[in-house]
Amino acid sequence: MNEQHELEHHVVSPKTYIIIFLALLTGTALTVLASYIDLGEWHIAPGITLFWNPVVNLAIATGKMLLVVLFFMHVKYSTKLTKLTVVSGLFMFLVLVGMTLSDYFTRAWGRW
Amino acid sequence: MTDSAAVANSAMAETGNSHHGEHPPYQRHHFETVDQQFDATNFAMWLFLLTEVMFFGGLFTAYLIMRNWYYQAFVAGSHQLSIVWGTANTAVLIASSFTMAMSVWSAEMRRKKSLLVYLCLTLVFGLVFLGIKGIEWHEKWEKHHVPGVHFSVESFVNPQSDPAVYNEYHDAPLAPDMAQKTEEYFFLYFAMTGMHALHMVIGIGILVFMIFRARSGAFTNGHVTFVENFGLYWHFVDIIWIYLFALLYLISRH
Amino acid sequence: MSAATIISLPDQSTARIPKVNFLTKENGLLSWLLTTDHKRIATLYLISITFFFFIGGALAGLIRLELLTPQTTLMAADTYNKVFTMHGVIMVFFFLVPSVPATIGNFLIPMMIGAKDLALPRINLLSWYLYMIAGCMAIYTMAAGGVDTGWTFTTPLSTHYLNTHVISTGLAIFVAGFSSIFTGLNFIVTIHKMRAPGMTWFRLPLFVWSNYAASILMVLGTPVLAITLVLVVLERTMHIGVFDPTYGGDPILFQHLFWFYSHPAVYIMILPGMGVISEVVSTFSRKRVFGYTAVAFSSVAIAIFGFFVWAHHMFIMGISNYAALVFSLLTMLVAVPSAIKIFNWAFTLYKGSITFETPMLYAFGFMGLFTIGGLTGVFLGTTGTDIHLTETYFVVAHFHFVMVGGMLMAFLSGIHFWWPKWTGRMYPEKISQLAAVVTYIGFNFTFFPQFILGMLGMPRRYAAYPPEFQALNVFSTAGATILGVGYLLPMLYLTWSLKYGEIAGDNPWQATGLEWQTQSPPLTENFAEIPIVDHEAYDYEWLEKQTAARQQQEVA
């Protein structure tokens, strides 16, 4: 109980906030720059191609999201319950998107 | 570290008070302790954000599937968005997130004046964001890119008719049926940015309310729950925009 | 029926209902409309959902009357479409989803965990108001001419072809959805943060566990339904959207998003009912629930698995064979935790001192009917048989066995079980036992023939059918009349008992839950002082010691 108490009232210092703020602005600049360059593609297998641009784009967005969640939203200093809540939110989001897409991507495979 | 110590000290002072059976005025009757109240409301806010994730999740799913089906239309559609305005808006929203985080810090440190300054800055950034969004939407209206109401495929079957965009991207004209699908892109664009803007408007309403309350010292008496929870909401709205910016503006840029 | 009973009432000549309780604390309409007391909000909910249940029930009666004859005799086909749609919408969103959680759950969860109220009392009141706003919108829809999409809002039927009140129905469900989200959110926070000292997770009554699991589904599933309905409404008003193939949209996308909520929704409807059954079975066989931990985790397992199976509603809609295979396999997994529950209840009964009061009769009804309903679900979850059975009366019978035979039985069981706690008075035992038996018989008469009809190939959602199906349909309609009597009876005698029922005392069933250790009806604060929990749930020895100690004190 005592330990939790300490955790909840952890005050993040303005210095951290400024660093994160600058990191987020840098991320934004990077992602805009990256979007102007054709990063090419990767032919994993016949018919399956991975384009690097959207991957990099979303990876930077996810990085920014993590910075906001961990520091601005104090998840790094929060209880396990809060962390679990965040993770379960992301997980269910991925289930919704992933399992729906699994139907769309396997339609072309035809019958078995 | 000194900040934490200061708060811990003041928290100790409060516990000292409650030994005499007195609760701080902001503690609601059904909670045993202030800590329990803070924990409960904070957790509730997180659960609410969980529902928001799933709410936007439906839109993101629709976007991903439509994008896969009508790839060329989505590329051409995204070329119509202004990357300058989009980047500016992202910076503005990140700045507002930063000032919001500083508001939470000010409330925790019980600095009324700086709390007010940061809340007002957050409000201003929020309004600037909506203003820029308004400019962009207005441009869509002028170019007949509002789906269902005011839409023409002219810029997509005949890209030269739109020289500003054509000179930058040199898009090939789309076949008429694919060009029609740009309306899907703009439908999702308006649905997603509109839903996001609605969240911003609600947030700004609450911000105004908070500024009025903060003037009478409401959040600098040790009861930071409201500011803290609103901060969570505001950062969440920021996160949604980070993804919207990536998916709508940048993904088909090169 | 055995004469043995566990009911122990106080001496009726001296017993009084406590003067100060949550019902009498304040008077006047405003004290109810602005209350933040979870027990009063539960009472408001109970009245409102009963109202909607009888509207939905009347519509069900119309459906069965129409199906008495093969031709469309009572109403035109499009009227029939509106009637079954409104029946579905009202029963699903305005009765089944809030039934146990918002009434019994609202009333009991804070008391079972030893708290004074839910964590967010004002949000709790807000959720009732949202429910009522949504209810008014649904009634407006009916008055204005109804909607005929079916409760599933299948696109492009709902976005393009039908010219009925889809928008107002969609918005009604949107608002009702937020009511349910706030209830679920409130329960999760309360169960996490408001437990009394000593009330560890594995001392919680199983009713709390199952409501917790259902709340997870409400919080994570409902928003997807909300955004889906917003998109349907936008598509209808703007004539562009992502669901209608004429605009380039995809109707199967709608099915994915809709069933992402609406499949977990059936677990929202059934899980709290399972919680009621755990409480009742334990109390009336005087035994701790067999395999407490397994039953507790099976609730959570149902909630989690429930999110991975939604596409089994879509096997014939053109989803990929591979996805269908995976979703079918995952569907089979849900049968495991459900079976854990059924078997554990059966083991709880084994060598227990069983008595047959009304809640127990309803609980037996639940176990039988839910098992049939659940097992027929396996046929529908198997891709091969599903092609034959889906969209026939087999499906109708299947989900009515689960929802009506399961959830409604559990709801009535719970209402009878906690009625003395809620009102301070007993319901009349003999007539309520009769009502339970009548409901059970009527239910089987109504819905069992529908399995056969479905096997024979009678499709659902038609006002007319080939004459060879008439005999079974007449059976079904006759059964529905009996069922209707079974539902009217509790309404009448429970109202009667509000004034004339026997005084119940604190603990008429000698049950172990914390809610039974306070007065009935409880105080607004639930407990005179917050209890300290030092025993497991369903610890009947603890209760005996407690009672003995109290008697000694009285003697002294």
# chains A, B, ... in the order shown; residues from 1 in each chain; ligands from 1

$ interface_residues --of "chain B" --to "chain C" --cutoff "6 Å" --atoms "only C-alpha atoms" --output "PyMOL selection string"
chain B and resi 30+40+44+51+54-55+58+148

$ interface_residues --of "chain C" --to "chain A" --cutoff "7 Å" --atoms "only C-alpha atoms" --output "list in words"
His256, Ile319, Ser320, Asn321, Tyr322 and Ala323 of chain C

$ write_last_selection --atoms "C-alpha atoms" --output "PDB file, in the first residue's frame"
ATOM      1  CA  HIS C 256     -17.370  -7.604 -38.604  1.00  0.00           C
ATOM      2  CA  ILE C 319     -15.817 -14.542 -45.283  1.00  0.00           C
ATOM      3  CA  SER C 320     -12.734 -16.529 -46.194  1.00  0.00           C
ATOM      4  CA  ASN C 321     -12.676 -20.274 -45.606  1.00  0.00           C
ATOM      5  CA  TYR C 322      -9.529 -19.965 -43.554  1.00  0.00           C
ATOM      6  CA  ALA C 323     -10.930 -17.293 -41.271  1.00  0.00           C
TER       7      ALA C 323
END

$ residues_around --residues "Lys112 (chain B)" --least-positions-apart "2" --cutoff "8 Å" --atoms "only C-alpha atoms" --output "list in words"
Ser106, Ala107, Arg110, Ser114, Leu115, Leu116, Ala214, Arg215, Gly217 and Thr220 of chain B

$ write_last_selection --atoms "N, CA and C atoms" --output "PDB file, in the first residue's frame"
ATOM      1  N   SER B 106       1.833  22.034 -12.320  1.00  0.00           N
ATOM      2  CA  SER B 106       1.537  23.230 -11.521  1.00  0.00           C
ATOM      3  C   SER B 106       0.502  22.933 -10.443  1.00  0.00           C
ATOM      4  N   ALA B 107      -0.510  22.139 -10.810  1.00  0.00           N
ATOM      5  CA  ALA B 107      -1.533  21.819  -9.815  1.00  0.00           C
ATOM      6  C   ALA B 107      -0.928  21.000  -8.690  1.00  0.00           C
ATOM      7  N   ARG B 110       0.905  23.101  -6.452  1.00  0.00           N
ATOM      8  CA  ARG B 110       0.017  24.111  -5.873  1.00  0.00           C
ATOM      9  C   ARG B 110       0.419  25.520  -6.281  1.00  0.00           C
ATOM     10  N   SER B 114       0.817  29.738 -12.193  1.00  0.00           N
ATOM     11  CA  SER B 114       1.353  29.017 -13.345  1.00  0.00           C
ATOM     12  C   SER B 114       0.320  28.005 -13.859  1.00  0.00           C
ATOM     13  N   LEU B 115      -0.505  27.483 -12.974  1.00  0.00           N
ATOM     14  CA  LEU B 115      -1.588  26.593 -13.444  1.00  0.00           C
ATOM     15  C   LEU B 115      -2.478  27.342 -14.422  1.00  0.00           C
ATOM     16  N   LEU B 116      -2.871  28.565 -14.045  1.00  0.00           N
ATOM     17  CA  LEU B 116      -3.743  29.351 -14.913  1.00  0.00           C
ATOM     18  C   LEU B 116      -3.068  29.642 -16.251  1.00  0.00           C
ATOM     19  N   ALA B 214     -10.202  27.175 -11.577  1.00  0.00           N
ATOM     20  CA  ALA B 214      -8.828  27.328 -11.094  1.00  0.00           C
ATOM     21  C   ALA B 214      -8.607  28.731 -10.539  1.00  0.00           C
ATOM     22  N   ARG B 215      -9.340  29.715 -11.079  1.00  0.00           N
ATOM     23  CA  ARG B 215      -9.182  31.090 -10.582  1.00  0.00           C
ATOM     24  C   ARG B 215      -9.530  31.189  -9.108  1.00  0.00           C
ATOM     25  N   GLY B 217      -8.935  28.886  -7.078  1.00  0.00           N
ATOM     26  CA  GLY B 217      -8.024  28.001  -6.350  1.00  0.00           C
ATOM     27  C   GLY B 217      -8.514  26.572  -6.203  1.00  0.00           C
ATOM     28  N   THR B 220      -5.566  23.824  -6.734  1.00  0.00           N
ATOM     29  CA  THR B 220      -4.262  24.017  -6.111  1.00  0.00           C
ATOM     30  C   THR B 220      -4.338  23.827  -4.602  1.00  0.00           C
TER      31      THR B 220
END

$ closest_atom_pairs --of "chain B" --to "chain A" --cutoff "7 Å" --atoms "only C-alpha atoms" --output "JSON lines"
{"residue": "B:Asp3", "atom": "CA", "partner": "A:Val11", "partner_atom": "CA", "distance": 6.3}
{"residue": "B:Ser4", "atom": "CA", "partner": "A:Val11", "partner_atom": "CA", "distance": 5.5}
{"residue": "B:Phe43", "atom": "CA", "partner": "A:Thr82", "partner_atom": "CA", "distance": 6.8}
{"residue": "B:Leu50", "atom": "CA", "partner": "A:Gly89", "partner_atom": "CA", "distance": 5.3}
{"residue": "B:Val53", "atom": "CA", "partner": "A:Gly89", "partner_atom": "CA", "distance": 6.7}
{"residue": "B:Met54", "atom": "CA", "partner": "A:Phe93", "partner_atom": "CA", "distance": 6.1}
{"residue": "B:Gly57", "atom": "CA", "partner": "A:Phe93", "partner_atom": "CA", "distance": 6.0}
{"residue": "B:Thr61", "atom": "CA", "partner": "A:Val97", "partner_atom": "CA", "distance": 5.4}
{"residue": "B:Ala91", "atom": "CA", "partner": "A:Leu25", "partner_atom": "CA", "distance": 6.5}
{"residue": "B:Phe98", "atom": "CA", "partner": "A:Phe21", "partner_atom": "CA", "distance": 6.1}
{"residue": "B:Ala101", "atom": "CA", "partner": "A:Phe72", "partner_atom": "CA", "distance": 5.8}
{"residue": "B:Met102", "atom": "CA", "partner": "A:Pro14", "partner_atom": "CA", "distance": 6.7}
{"residue": "B:Trp105", "atom": "CA", "partner": "A:Val11", "partner_atom": "CA", "distance": 6.9}
{"residue": "B:Leu232", "atom": "CA", "partner": "A:Met73", "partner_atom": "CA", "distance": 5.7}
{"residue": "B:His235", "atom": "CA", "partner": "A:Val68", "partner_atom": "CA", "distance": 6.9}
{"residue": "B:Ile239", "atom": "CA", "partner": "A:Met65", "partner_atom": "CA", "distance": 5.7}
{"residue": "B:Ile242", "atom": "CA", "partner": "A:Ala61", "partner_atom": "CA", "distance": 6.1}
{"residue": "B:Tyr243", "atom": "CA", "partner": "A:Ala61", "partner_atom": "CA", "distance": 6.0}
{"residue": "B:Ala246", "atom": "CA", "partner": "A:Asn57", "partner_atom": "CA", "distance": 6.2}
{"residue": "B:Leu250", "atom": "CA", "partner": "A:Ser35", "partner_atom": "CA", "distance": 5.8}
{"residue": "B:Ile251", "atom": "CA", "partner": "A:Pro54", "partner_atom": "CA", "distance": 5.4}
{"residue": "B:Arg253", "atom": "CA", "partner": "A:Ser35", "partner_atom": "CA", "distance": 5.6}
{"residue": "B:His254", "atom": "CA", "partner": "A:Tyr36", "partner_atom": "CA", "distance": 4.5}

$ write_last_selection --atoms "C-alpha atoms" --output "PDB file, in the first residue's frame"
ATOM      1  CA  ASP B   3       9.077  17.957  -5.974  1.00  0.00           C
ATOM      2  CA  SER B   4       8.112  14.514  -4.769  1.00  0.00           C
ATOM      3  CA  PHE B  43      -8.717   4.166 -12.936  1.00  0.00           C
ATOM      4  CA  LEU B  50     -10.088   2.239 -23.196  1.00  0.00           C
ATOM      5  CA  VAL B  53      -9.593   3.400 -28.140  1.00  0.00           C
ATOM      6  CA  MET B  54     -12.188   0.862 -29.242  1.00  0.00           C
ATOM      7  CA  GLY B  57     -10.732   1.333 -33.488  1.00  0.00           C
ATOM      8  CA  THR B  61     -10.382  -0.800 -39.231  1.00  0.00           C
ATOM      9  CA  ALA B  91       3.172  20.668 -33.620  1.00  0.00           C
ATOM     10  CA  PHE B  98       3.078  19.747 -23.223  1.00  0.00           C
ATOM     11  CA  ALA B 101       1.354  18.225 -18.703  1.00  0.00           C
ATOM     12  CA  MET B 102       2.791  21.410 -17.185  1.00  0.00           C
ATOM     13  CA  TRP B 105       2.629  19.734 -12.608  1.00  0.00           C
ATOM     14  CA  LEU B 232      -5.223  12.016 -19.581  1.00  0.00           C
ATOM     15  CA  HIS B 235      -3.160  13.498 -24.189  1.00  0.00           C
ATOM     16  CA  ILE B 239      -2.365  10.423 -29.582  1.00  0.00           C
ATOM     17  CA  ILE B 242      -0.594  11.502 -34.131  1.00  0.00           C
ATOM     18  CA  TYR B 243      -2.032   8.440 -35.865  1.00  0.00           C
ATOM     19  CA  ALA B 246       0.428   9.506 -40.111  1.00  0.00           C
ATOM     20  CA  LEU B 250       1.907  11.154 -44.671  1.00  0.00           C
ATOM     21  CA  ILE B 251       1.461   7.553 -45.638  1.00  0.00           C
ATOM     22  CA  ARG B 253       3.410  11.182 -49.658  1.00  0.00           C
ATOM     23  CA  HIS B 254       6.564  10.111 -51.527  1.00  0.00           C
TER      24      HIS B 254
END

$ residues_around --residues "Thr355 (chain C)" --least-positions-apart "4" --cutoff "7 Å" --atoms "only C-alpha atoms" --output "PyMOL selection string"
chain C and resi 4-5+284-285

$ write_last_selection --atoms "N, CA and C atoms" --output "mmCIF file, in the first residue's frame"
data_model
loop_
_atom_site.group_PDB
_atom_site.id
_atom_site.type_symbol
_atom_site.label_atom_id
_atom_site.label_comp_id
_atom_site.auth_asym_id
_atom_site.auth_seq_id
_atom_site.Cartn_x
_atom_site.Cartn_y
_atom_site.Cartn_z
ATOM 1 N N ALA C 4 -39.106 -29.890 3.145
ATOM 2 C CA ALA C 4 -37.981 -29.244 3.828
ATOM 3 C C ALA C 4 -37.762 -27.852 3.268
ATOM 4 N N THR C 5 -37.409 -26.956 4.140
ATOM 5 C CA THR C 5 -37.156 -25.591 3.686
ATOM 6 C C THR C 5 -36.085 -24.979 4.569
ATOM 7 N N PHE C 284 -28.970 -22.871 -1.631
ATOM 8 C CA PHE C 284 -30.026 -23.862 -1.457
ATOM 9 C C PHE C 284 -29.509 -25.288 -1.467
ATOM 10 N N SER C 285 -28.178 -25.472 -1.558
ATOM 11 C CA SER C 285 -27.681 -26.811 -1.266
ATOM 12 C C SER C 285 -26.729 -26.760 -0.082
#

$ residues_around --residues "region 85-90 of chain B" --least-positions-apart "6" --cutoff "8 Å" --atoms "only C-alpha atoms" --output "PyMOL selection string"
(chain A and resi 28+32) or (chain B and resi 129+132-133+136+241-242+245+249)

$ select_by_dssp --residues "chain A" --states "helix (DSSP H, G or I)" --output "short mmCIF file (atom, residue, chain, number, x, y, z; two decimals) with N, CA and C atoms, in the first residue's frame"
data_model
loop_
_atom_site.label_atom_id
_atom_site.label_comp_id
_atom_site.auth_asym_id
_atom_site.auth_seq_id
_atom_site.Cartn_x
_atom_site.Cartn_y
_atom_site.Cartn_z
N ASN A 2 1.92 1.21 0.89
CA ASN A 2 2.80 2.36 1.00
C ASN A 2 3.53 2.63 -0.31
N GLU A 3 3.97 1.53 -0.92
CA GLU A 3 4.73 1.66 -2.15
C GLU A 3 3.85 2.28 -3.23
N GLN A 4 2.60 1.79 -3.30
CA GLN A 4 1.66 2.33 -4.27
C GLN A 4 1.48 3.82 -4.07
N HIS A 5 1.33 4.19 -2.82
CA HIS A 5 1.12 5.58 -2.48
C HIS A 5 2.23 6.45 -3.05
N GLU A 6 3.48 5.98 -2.86
CA GLU A 6 4.63 6.71 -3.40
C GLU A 6 4.52 6.86 -4.91
N LEU A 7 4.15 5.74 -5.54
CA LEU A 7 4.09 5.72 -6.99
C LEU A 7 3.09 6.73 -7.52
N GLU A 8 1.89 6.77 -6.89
CA GLU A 8 0.84 7.63 -7.43
C GLU A 8 1.21 9.09 -7.36
N PRO A 14 9.36 19.24 -14.67
CA PRO A 14 9.24 19.97 -15.94
C PRO A 14 10.36 19.62 -16.90
N LYS A 15 11.55 19.30 -16.35
CA LYS A 15 12.67 18.95 -17.22
C LYS A 15 12.30 17.76 -18.11
N THR A 16 11.73 16.72 -17.48
CA THR A 16 11.31 15.56 -18.26
C THR A 16 10.30 15.96 -19.32
N TYR A 17 9.34 16.78 -18.91
CA TYR A 17 8.31 17.19 -19.87
C TYR A 17 8.93 17.90 -21.06
N ILE A 18 9.90 18.77 -20.79
CA ILE A 18 10.51 19.52 -21.90
C ILE A 18 11.24 18.56 -22.83
N ILE A 19 11.99 17.60 -22.23
CA ILE A 19 12.72 16.64 -23.07
C ILE A 19 11.73 15.87 -23.96
N ILE A 20 10.64 15.42 -23.36
CA ILE A 20 9.66 14.65 -24.14
C ILE A 20 9.05 15.52 -25.22
N PHE A 21 8.75 16.77 -24.86
CA PHE A 21 8.18 17.70 -25.83
C PHE A 21 9.09 17.83 -27.04
N LEU A 22 10.40 18.04 -26.77
CA LEU A 22 11.35 18.19 -27.87
C LEU A 22 11.45 16.89 -28.67
N ALA A 23 11.44 15.75 -27.96
CA ALA A 23 11.52 14.46 -28.66
C ALA A 23 10.32 14.29 -29.58
N LEU A 24 9.14 14.71 -29.12
CA LEU A 24 7.95 14.57 -29.95
C LEU A 24 8.05 15.45 -31.19
N LEU A 25 8.56 16.68 -31.01
CA LEU A 25 8.71 17.56 -32.17
C LEU A 25 9.72 16.96 -33.16
N THR A 26 10.81 16.39 -32.62
CA THR A 26 11.79 15.75 -33.49
C THR A 26 11.15 14.60 -34.25
N GLY A 27 10.37 13.80 -33.53
CA GLY A 27 9.69 12.68 -34.18
C GLY A 27 8.81 13.15 -35.32
N THR A 28 8.09 14.24 -35.08
CA THR A 28 7.22 14.78 -36.12
C THR A 28 8.05 15.18 -37.34
N ALA A 29 9.16 15.89 -37.08
CA ALA A 29 10.01 16.32 -38.20
C ALA A 29 10.53 15.10 -38.95
N LEU A 30 10.98 14.09 -38.21
CA LEU A 30 11.52 12.88 -38.83
C LEU A 30 10.49 12.20 -39.72
N THR A 31 9.28 12.07 -39.19
CA THR A 31 8.27 11.32 -39.94
C THR A 31 7.88 12.09 -41.19
N VAL A 32 7.85 13.42 -41.11
CA VAL A 32 7.54 14.20 -42.31
C VAL A 32 8.65 14.03 -43.34
N LEU A 33 9.90 14.13 -42.87
CA LEU A 33 11.03 13.95 -43.79
C LEU A 33 10.99 12.57 -44.44
N ALA A 34 10.80 11.54 -43.60
CA ALA A 34 10.81 10.17 -44.11
C ALA A 34 9.72 9.98 -45.16
N SER A 35 8.62 10.69 -45.01
CA SER A 35 7.51 10.48 -45.94
C SER A 35 7.85 11.02 -47.33
N TYR A 36 8.85 11.92 -47.42
CA TYR A 36 9.21 12.45 -48.74
C TYR A 36 10.19 11.55 -49.48
N TRP A 52 8.22 -0.03 -47.16
CA TRP A 52 8.86 0.48 -45.94
C TRP A 52 8.26 1.80 -45.48
N ASN A 53 7.76 2.62 -46.42
CA ASN A 53 7.27 3.94 -46.01
C ASN A 53 6.18 3.88 -44.94
N PRO A 54 5.10 3.16 -45.20
CA PRO A 54 4.07 3.10 -44.16
C PRO A 54 4.58 2.48 -42.87
N VAL A 55 5.50 1.50 -42.98
CA VAL A 55 6.02 0.86 -41.77
C VAL A 55 6.77 1.87 -40.91
N VAL A 56 7.67 2.63 -41.54
CA VAL A 56 8.45 3.63 -40.81
C VAL A 56 7.52 4.68 -40.22
N ASN A 57 6.58 5.11 -41.05
CA ASN A 57 5.59 6.10 -40.65
C ASN A 57 4.85 5.70 -39.38
N LEU A 58 4.32 4.47 -39.42
CA LEU A 58 3.55 4.01 -38.26
C LEU A 58 4.46 3.72 -37.07
N ALA A 59 5.70 3.28 -37.36
CA ALA A 59 6.62 3.01 -36.26
C ALA A 59 6.93 4.30 -35.51
N ILE A 60 7.18 5.40 -36.26
CA ILE A 60 7.46 6.67 -35.59
C ILE A 60 6.22 7.13 -34.81
N ALA A 61 5.04 6.99 -35.43
CA ALA A 61 3.81 7.38 -34.73
C ALA A 61 3.68 6.59 -33.43
N THR A 62 3.99 5.28 -33.49
CA THR A 62 3.88 4.47 -32.28
C THR A 62 4.89 4.90 -31.24
N GLY A 63 6.10 5.25 -31.71
CA GLY A 63 7.10 5.75 -30.78
C GLY A 63 6.62 7.01 -30.07
N LYS A 64 6.03 7.93 -30.84
CA LYS A 64 5.50 9.16 -30.24
C LYS A 64 4.39 8.83 -29.25
N MET A 65 3.53 7.89 -29.67
CA MET A 65 2.43 7.49 -28.78
C MET A 65 2.98 6.98 -27.46
N LEU A 66 4.05 6.14 -27.55
CA LEU A 66 4.60 5.58 -26.32
C LEU A 66 5.15 6.68 -25.42
N LEU A 67 5.83 7.68 -26.03
CA LEU A 67 6.37 8.77 -25.21
C LEU A 67 5.24 9.49 -24.48
N VAL A 68 4.16 9.79 -25.22
CA VAL A 68 3.04 10.50 -24.59
C VAL A 68 2.46 9.65 -23.46
N VAL A 69 2.23 8.36 -23.76
CA VAL A 69 1.59 7.50 -22.75
C VAL A 69 2.47 7.34 -21.52
N LEU A 70 3.76 7.09 -21.76
CA LEU A 70 4.63 6.78 -20.62
C LEU A 70 4.91 8.01 -19.76
N PHE A 71 5.14 9.16 -20.39
CA PHE A 71 5.58 10.30 -19.60
C PHE A 71 4.48 11.33 -19.37
N PHE A 72 3.87 11.82 -20.46
CA PHE A 72 2.80 12.81 -20.26
C PHE A 72 1.65 12.21 -19.46
N VAL A 75 2.26 6.87 -17.20
CA VAL A 75 2.10 5.42 -17.04
C VAL A 75 3.37 4.78 -16.51
N LYS A 76 4.52 5.36 -16.87
CA LYS A 76 5.79 4.80 -16.39
C LYS A 76 5.82 4.78 -14.87
N TYR A 77 5.15 5.76 -14.25
CA TYR A 77 5.19 5.85 -12.78
C TYR A 77 3.92 5.32 -12.14
N LYS A 80 0.61 -1.17 -11.52
CA LYS A 80 0.52 -2.26 -12.50
C LYS A 80 -0.86 -2.30 -13.13
N LEU A 81 -1.87 -1.95 -12.34
CA LEU A 81 -3.24 -2.00 -12.85
C LEU A 81 -3.39 -1.05 -14.03
N THR A 82 -2.85 0.18 -13.89
CA THR A 82 -2.94 1.13 -15.00
C THR A 82 -2.21 0.60 -16.21
N LYS A 83 -1.02 0.04 -15.98
CA LYS A 83 -0.26 -0.50 -17.10
C LYS A 83 -1.05 -1.60 -17.79
N LEU A 84 -1.67 -2.46 -16.98
CA LEU A 84 -2.46 -3.55 -17.54
C LEU A 84 -3.61 -3.00 -18.37
N THR A 85 -4.25 -1.93 -17.87
CA THR A 85 -5.37 -1.33 -18.59
C THR A 85 -4.91 -0.83 -19.96
N VAL A 86 -3.76 -0.14 -19.97
CA VAL A 86 -3.26 0.38 -21.24
C VAL A 86 -2.97 -0.76 -22.20
N VAL A 87 -2.27 -1.78 -21.70
CA VAL A 87 -1.90 -2.89 -22.57
C VAL A 87 -3.13 -3.59 -23.09
N SER A 88 -4.14 -3.78 -22.22
CA SER A 88 -5.33 -4.50 -22.70
C SER A 88 -6.06 -3.67 -23.75
N GLY A 89 -6.02 -2.34 -23.61
CA GLY A 89 -6.63 -1.50 -24.64
C GLY A 89 -5.96 -1.70 -25.98
N LEU A 90 -4.62 -1.66 -25.99
CA LEU A 90 -3.89 -1.86 -27.24
C LEU A 90 -4.16 -3.25 -27.80
N PHE A 91 -4.19 -4.24 -26.89
CA PHE A 91 -4.39 -5.62 -27.32
C PHE A 91 -5.74 -5.79 -28.00
N MET A 92 -6.80 -5.26 -27.37
CA MET A 92 -8.13 -5.42 -27.96
C MET A 92 -8.23 -4.68 -29.28
N PHE A 93 -7.56 -3.53 -29.37
CA PHE A 93 -7.54 -2.80 -30.63
C PHE A 93 -6.92 -3.67 -31.72
N LEU A 94 -5.80 -4.32 -31.37
CA LEU A 94 -5.14 -5.17 -32.36
C LEU A 94 -6.00 -6.37 -32.71
N VAL A 95 -6.74 -6.91 -31.74
CA VAL A 95 -7.62 -8.03 -32.04
C VAL A 95 -8.68 -7.60 -33.05
N LEU A 96 -9.28 -6.44 -32.80
CA LEU A 96 -10.32 -5.94 -33.71
C LEU A 96 -9.76 -5.77 -35.11
N VAL A 97 -8.63 -5.07 -35.22
CA VAL A 97 -8.06 -4.81 -36.55
C VAL A 97 -7.51 -6.09 -37.15
N GLY A 98 -6.73 -6.81 -36.36
CA GLY A 98 -6.02 -7.97 -36.88
C GLY A 98 -6.94 -9.09 -37.31
N MET A 99 -7.91 -9.44 -36.47
CA MET A 99 -8.76 -10.57 -36.83
C MET A 99 -9.71 -10.22 -37.96
N THR A 100 -10.11 -8.94 -38.05
CA THR A 100 -10.92 -8.54 -39.20
C THR A 100 -10.09 -8.65 -40.47
N LEU A 101 -8.87 -8.13 -40.43
CA LEU A 101 -8.03 -8.17 -41.62
C LEU A 101 -7.68 -9.61 -41.99
N SER A 102 -7.58 -10.50 -40.97
CA SER A 102 -7.24 -11.89 -41.28
C SER A 102 -8.28 -12.49 -42.22
N ASP A 103 -9.52 -12.07 -42.08
CA ASP A 103 -10.55 -12.54 -43.01
C ASP A 103 -10.28 -11.99 -44.41
N TYR A 104 -10.02 -10.67 -44.50
CA TYR A 104 -9.87 -10.05 -45.81
C TYR A 104 -8.66 -10.60 -46.56
N PHE A 105 -7.55 -10.83 -45.81
CA PHE A 105 -6.33 -11.22 -46.49
C PHE A 105 -6.34 -12.68 -46.93
N THR A 106 -7.21 -13.50 -46.33
CA THR A 106 -7.19 -14.91 -46.71
C THR A 106 -8.27 -15.24 -47.72
N ARG A 107 -9.07 -14.25 -48.11
CA ARG A 107 -10.13 -14.55 -49.07
C ARG A 107 -9.55 -14.99 -50.40
N ALA A 108 -8.45 -14.33 -50.80
CA ALA A 108 -7.88 -14.63 -52.11
C ALA A 108 -7.27 -16.02 -52.16
N TRP A 109 -7.07 -16.65 -51.01
CA TRP A 109 -6.45 -17.97 -51.03
C TRP A 109 -7.38 -19.02 -51.61
#

$ select_by_dssp --residues "region 29-84 of chain A" --states "strand (DSSP E)" --output "MDAnalysis selection string"
chainID A and resid 41:45 48:51

$ closest_residue --among "C:Ser210, C:Asn526, C:Asn124, C:Thr371" --to "Ala301 (chain C)" --atoms "only C-alpha atoms"
C:Ser210

$ atom_distance --atom1 "CA of Glu183 (chain B)" --atom2 "CA of Ser262 (chain C)"
29.2 Å
